[in-house]
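Student: Quick one: the structure is below, and I'll ask about it shortly.
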Amino acid sequence: MHTPLHARNRLITPFALITAATLLLTACGSGADGTTDAVGAADKSDKVPTTDVVSAVGKDEKSARLLPSGVKGLTVAISVGGTPPGTTYLADGKTLTGQDVDFANAVAKVLGISLKTEQAGFEAILPALDSGKYDFGASNFGVTDERRTTIDFVTYINDGQGFATRKDSKLSKVTDLRQLCGLNVATGAGTTFEATLEENKKVCTDAGKKAYAVQTYGEQGAIWSSLQQGRSDVVMSTINGLRYAVAHQQGVKFLNEYHRLDVGFAFKKNTKLAPAFQSAVNKLIADGTYTKILKKWGTTGSAIEKSRISPPELKS
């Protein structure tokens, strides 16, 4: 989820949660209690998932016929996020992998088209869709009412905003941002998490309390280092990303889901590709490939029953 703060778009920014250079090659390792010994500590026995869940997918003629005439291949923009389930690299340092990569490749197989994958920054993808630089984006883009005015979406999972903190924190669940008053909140720079926090900071001052401080970081590994070292009190990020991070780090805990959003492939407004992509995702759901992808990345809690085109934003 990805736009500059000034845009105030309320989408989720799928960002990587542990991005030390070594983690571009391997995920964080698990200790005896299911956590790592330190932030960024990697265990060679815990590799990035490599199960092949895409190559056996076949073309579905019904879905393929929904493509605009003459479409044989498309270009997808994906932002590299560091660790699963976000987009990262396999051990060769060249091959991209991740949940979004698998879904994009699986849809291409269903539609019988070639797919050119280009790496791009979060903030660059959506503006570039209208110019035609990319045909679609696949980087955990959340579907919001504001974004739907300029972007079309085809949903494939459900994710959202959540919080995590150190295990010794007194916080147990954040249901109201006033619970953060006086605390330091770490999040990604230029993300909609930052926008949400900045926009609602007044809830503290309105209640006569000290406002929380929003601490933004361009490098995601720095977010977790800040939390572990006590410079930050809580982290705000994607639900799936947080769950992965706390499962692979010692001394941190997932607090709760704060706001759920549908996530979809992003296209320029009024795209004619949407019906074909929707049909392809639904085909993957029906034939079981969809479940295999989610199981591979440990995100079965993000399953949807059917794909939709630019549905209204989920309110929670």
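We label chains A, B, ... in the order they appear in the structure tokens, count residues from 1 in each chain, and number ligands from 1 in the order shown.
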Between range 245-278 of chain A and range 212-233 of chain A, at 10 Å or less, what are the per-residue closest atom pairs and their distances in Å? Count only C-alpha atoms, order by chain and rising residue number, and return it as CSV.
Tutor:
residue,atom,partner,partner_atom,distance
A:Ala245,CA,A:Trp224,CA,9.0
A:Gln249,CA,A:Trp224,CA,9.4
A:Gln250,CA,A:Gln228,CA,9.3
A:Gly251,CA,A:Gln228,CA,7.7
A:Val252,CA,A:Gln228,CA,7.9
Student: Please save C-alpha atoms of the selected residues as an mmCIF file, in the first residue's frame.
Tutor:
data_model
loop_
_atom_site.group_PDB
_atom_site.id
_atom_site.type_symbol
_atom_site.label_atom_id
_atom_site.label_comp_id
_atom_site.auth_asym_id
_atom_site.auth_seq_id
_atom_site.Cartn_x
_atom_site.Cartn_y
_atom_site.Cartn_z
ATOM 1 C CA ALA A 245 7.921 -9.666 11.568
ATOM 2 C CA GLN A 249 11.930 -11.454 15.968
ATOM 3 C CA GLN A 250 12.468 -11.818 19.676
ATOM 4 C CA GLY A 251 10.931 -9.418 22.150
ATOM 5 C CA VAL A 252 8.141 -7.982 19.989
#
Student: Output as a VMD selection string all residues of range 101-248 of chain A that backbone DSSP marks as alpha helix (DSSP H).
Tutor: chain A and resid 101 to 111 122 to 131 192 to 199 202 to 206 220 to 228 239 to 247
Student: Hey, can you check how far CA of Ile293 in chain A sits from CA of Glu61 in chain A?
Tutor: 21.9 Å
Student: As number ranges by chain, please: every residue in range 70-288 of chain A that a backbone DSSP assignment puts in strand (DSSP E).
Tutor: A: 73-78, 88-89, 96-97, 114-119, 136-142, 151-166, 184-188, 213-217, 234-238, 252-268
Student: Identify, on the basis of only C-alpha atoms, every residue whose closest approach to range 269-284 of chain A does not exceed 8 Å; exclude the query and any residue fewer than 2 positions from it along the same chain; express the result as a ChimeraX atom specification.
Tutor: /A:60,63-68,106-107,110-111,130,149-156,267,286-290,306-309
Student: List as a PyMOL selection string the protein and nucleic acid residues near Leu96 in chain A, meaning an atom at most 12 Å away when only C-alpha atoms are counted, but skip any in the same chain fewer than 4 places from it.
Tutor: chain A and resi 24-25+48-50+77-92+100-102+104-105+116-119
